[in-house]
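J.: The structure that follows is given in the form of structure tokens.
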Amino acid sequence: MSLILGLNLGHDSSACLVKDGRLIGAITTERLTRIKKDSNINAATINYVLDMAGAKLSDVDMIGFTGYEYSPNNYIKVLNEKDQEIGTWFDINFLQPVVPCQVSINGIKKKAMHIQHHLSHAASAFYTSPFEKSACFTLDASGRSAPEASSLFAYGEGSNVFPFYCPGLMIGNAYSEMTPRLGLGAGLYKAGT
């Protein structure tokens, strides 16, 4: 049996649980806290999906996550190979599709993989589609400090998603600038939600 805990540690924080390749359950933190766009993932969010499978954190084989912002009060700590907490998700080399590391949740350490933010968007669209092959394009505003992270082209085939990064292609940031002008609201927190 394989049990994988998926976490989004950014805005719209959430958790999901995958058992033997099948999604068992998922929830966003805001559904529990009633705080729109809540980014503070907590024990309740994680326990919600673990309870759906009758599992405990100690049963989890691997954690896959995207996003990360350091705070001394974080319930979840991302650790490097020297057991030191990583300061920001930029320290994880966010343009790499998948980066191995460790996650500590309430003192319990687990093997983990940081999944690049846009790759996780593309994978969630492809893996839940009925297609065997598909082109994927993701788009959102990911901050001006990393414009190359604001969009992604990818190709999905079988059980794989292959990313094609386009450094300097700032379509997501253009989206974020245009949505307020079109009356749709701020790009990251209103448009598209």
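Ligands are numbered from 1 in the order shown, chains are lettered A, B, ... in the order of the structure tokens, and residues start at 1 in each chain.
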Can you pull out every residue within 10 Å of Asp83 of chain A, counting only C-alpha atoms, but drop anything in the same chain fewer than 5 positions away, and send it as a list of chain:residue names?

T.: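 Contacts, in chain order: A:Val78, A:Cys101, A:Gln102, A:Val103, A:Ser104, A:Lys109.
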
J.: Now that the selection is made, can you save its residues with all heavy atoms as a short mmCIF file (atom, residue, chain, number, x, y, z; two decimals), in the first residue's frame?

T.:
data_model
loop_
_atom_site.label_atom_id
_atom_site.label_comp_id
_atom_site.auth_asym_id
_atom_site.auth_seq_id
_atom_site.Cartn_x
_atom_site.Cartn_y
_atom_site.Cartn_z
N VAL A 78 9.72 22.71 6.27
CA VAL A 78 10.42 22.07 5.16
C VAL A 78 11.89 22.10 5.49
O VAL A 78 12.45 23.15 5.82
CB VAL A 78 10.13 22.80 3.82
CG1 VAL A 78 10.92 22.16 2.69
CG2 VAL A 78 8.64 22.77 3.52
N CYS A 101 13.22 16.47 -0.57
CA CYS A 101 13.56 17.13 0.69
C CYS A 101 12.85 16.37 1.81
O CYS A 101 12.43 15.24 1.62
CB CYS A 101 13.17 18.61 0.67
SG CYS A 101 11.44 18.92 0.29
N GLN A 102 12.73 16.99 2.95
CA GLN A 102 11.98 16.43 4.08
C GLN A 102 10.96 17.44 4.56
O GLN A 102 11.15 18.64 4.42
CB GLN A 102 12.91 16.15 5.27
CG GLN A 102 13.89 15.05 5.13
CD GLN A 102 14.61 14.89 6.45
OE1 GLN A 102 14.15 14.17 7.33
NE2 GLN A 102 15.74 15.55 6.61
N VAL A 103 9.90 16.93 5.15
CA VAL A 103 8.90 17.79 5.78
C VAL A 103 8.72 17.29 7.20
O VAL A 103 8.66 16.09 7.45
CB VAL A 103 7.56 17.74 5.00
CG1 VAL A 103 6.44 18.33 5.81
CG2 VAL A 103 7.69 18.48 3.68
N SER A 104 8.66 18.23 8.13
CA SER A 104 8.38 17.91 9.52
C SER A 104 7.01 18.48 9.87
O SER A 104 6.77 19.67 9.72
CB SER A 104 9.45 18.51 10.42
OG SER A 104 9.12 18.30 11.78
N LYS A 109 9.00 13.61 10.95
CA LYS A 109 9.68 13.86 9.69
C LYS A 109 9.29 12.81 8.66
O LYS A 109 9.23 11.62 8.97
CB LYS A 109 11.19 13.86 9.87
CG LYS A 109 11.69 15.02 10.70
CD LYS A 109 13.18 14.96 10.87
CE LYS A 109 13.63 16.01 11.86
NZ LYS A 109 15.04 15.86 12.22
#

J.: For the alpha helix (DSSP H) assignment from backbone DSSP, which residues of segment 1-182 of chain A qualify? Please present them as JSON, numbers by chain.

T.: {"A": [29, 30, 31, 32, 33, 43, 44, 45, 46, 47, 48, 49, 50, 51, 52, 117, 118, 119, 120, 121, 122, 123, 124, 125, 126, 127, 171, 172, 173, 174, 175, 176, 177, 178, 179, 180, 181]}

J.: So how far away is atom CA of His118 of chain A from atom CA of Arg181 of chain A, in Å?

T.: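 These atoms are spaced 24.5 Å apart.
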
J.: Just the residues within 8 Å of segment 6-12 of chain A, please, counting only C-alpha atoms, with nothing from its chain fewer than 3 positions along; format it as a list of chain:residue names.

T.: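 Those residues are A:Ala15, A:Cys16, A:Leu17, A:Val18, A:Thr28, A:Thr29, A:Glu30, A:Lys36, A:Lys37, A:Asp38, A:Ser39, A:Asn40, A:Ile41, A:Ile63, A:Gly64, A:Phe65, A:Thr66, A:Gly67, A:Tyr68, A:Glu69.
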
J.: Quick one: pull the distance between atom CA of Val60 of chain A and atom CA of Ser120 of chain A, Å, one decimal.

T.: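 So the answer is 19.8 Å.
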
J.: Which residue is closest to Met113 of chain A? Choose from A:Leu79, A:Ala55, A:Ala135, A:Ala154 and count only C-alpha atoms.

T.: A:Leu79

J.: Enumerate the residues of segment 5-171 of chain A with a DSSP assignment of strand (DSSP E or B), computed from the backbone, and present them as a ChimeraX atom specification.

T.: /A:5-8,14-19,22-28,62-66,69,76-79,85,88,98-105,108-115,133-139,151-157,160-164

J.: Give me, as a list in words, all polymer residues having an atom no more than 10 Å from Asn106 of chain A, counting only C-alpha atoms and skipping those fewer than 4 positions away in the same chain.

T.: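 My reading of the contact set: Asn42, Ala43, Leu57, Asn74, Tyr75, Ile76 and Lys77 of chain A.
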
J.: Would you save the residues of that selection, restricted to N, CA and C atoms, as a tab-separated table (two decimals), in the first residue's frame?

T.:
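Wrote again-v4.tsv, looks like this:
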chain	number	residue	atom	x	y	z
A	42	ASN	N	-3.05	23.73	8.74
A	42	ASN	CA	-2.96	23.36	10.16
A	42	ASN	C	-3.29	21.88	10.35
A	43	ALA	N	-3.28	21.45	11.59
A	43	ALA	CA	-3.55	20.05	11.90
A	43	ALA	C	-4.94	19.63	11.44
A	57	LEU	N	-0.70	10.18	10.53
A	57	LEU	CA	0.45	10.75	9.85
A	57	LEU	C	1.59	9.73	9.76
A	74	ASN	N	5.14	28.23	11.64
A	74	ASN	CA	4.61	27.23	10.72
A	74	ASN	C	4.37	25.90	11.42
A	75	TYR	N	3.21	25.32	11.15
A	75	TYR	CA	2.91	23.97	11.64
A	75	TYR	C	3.73	22.95	10.86
A	76	ILE	N	4.00	23.27	9.60
A	76	ILE	CA	4.76	22.40	8.72
A	76	ILE	C	6.11	23.05	8.46
A	77	LYS	N	7.18	22.29	8.63
A	77	LYS	CA	8.53	22.78	8.39
A	77	LYS	C	9.12	22.00	7.22

J.: Which residue, A:Ala125, A:Thr138, A:Ala112, A:Pro97, has the smallest gap to Pro163 of chain A when you use only C-alpha atoms?

T.: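 Result for the nearest residue to Pro163 of chain A: A:Pro97.
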
J.: What gap, in Å, lies between atom CA of Phe153 of chain A and atom CA of Glu177 of chain A?

T.: 20.4 Å

J.: Which is closer to Tyr48 of chain A than all the others in A:Ser14, A:Gln84, A:Ser134, A:Ser2, using only C-alpha atoms?

T.: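 Under the stated criterion, the closest residue is A:Ser14.
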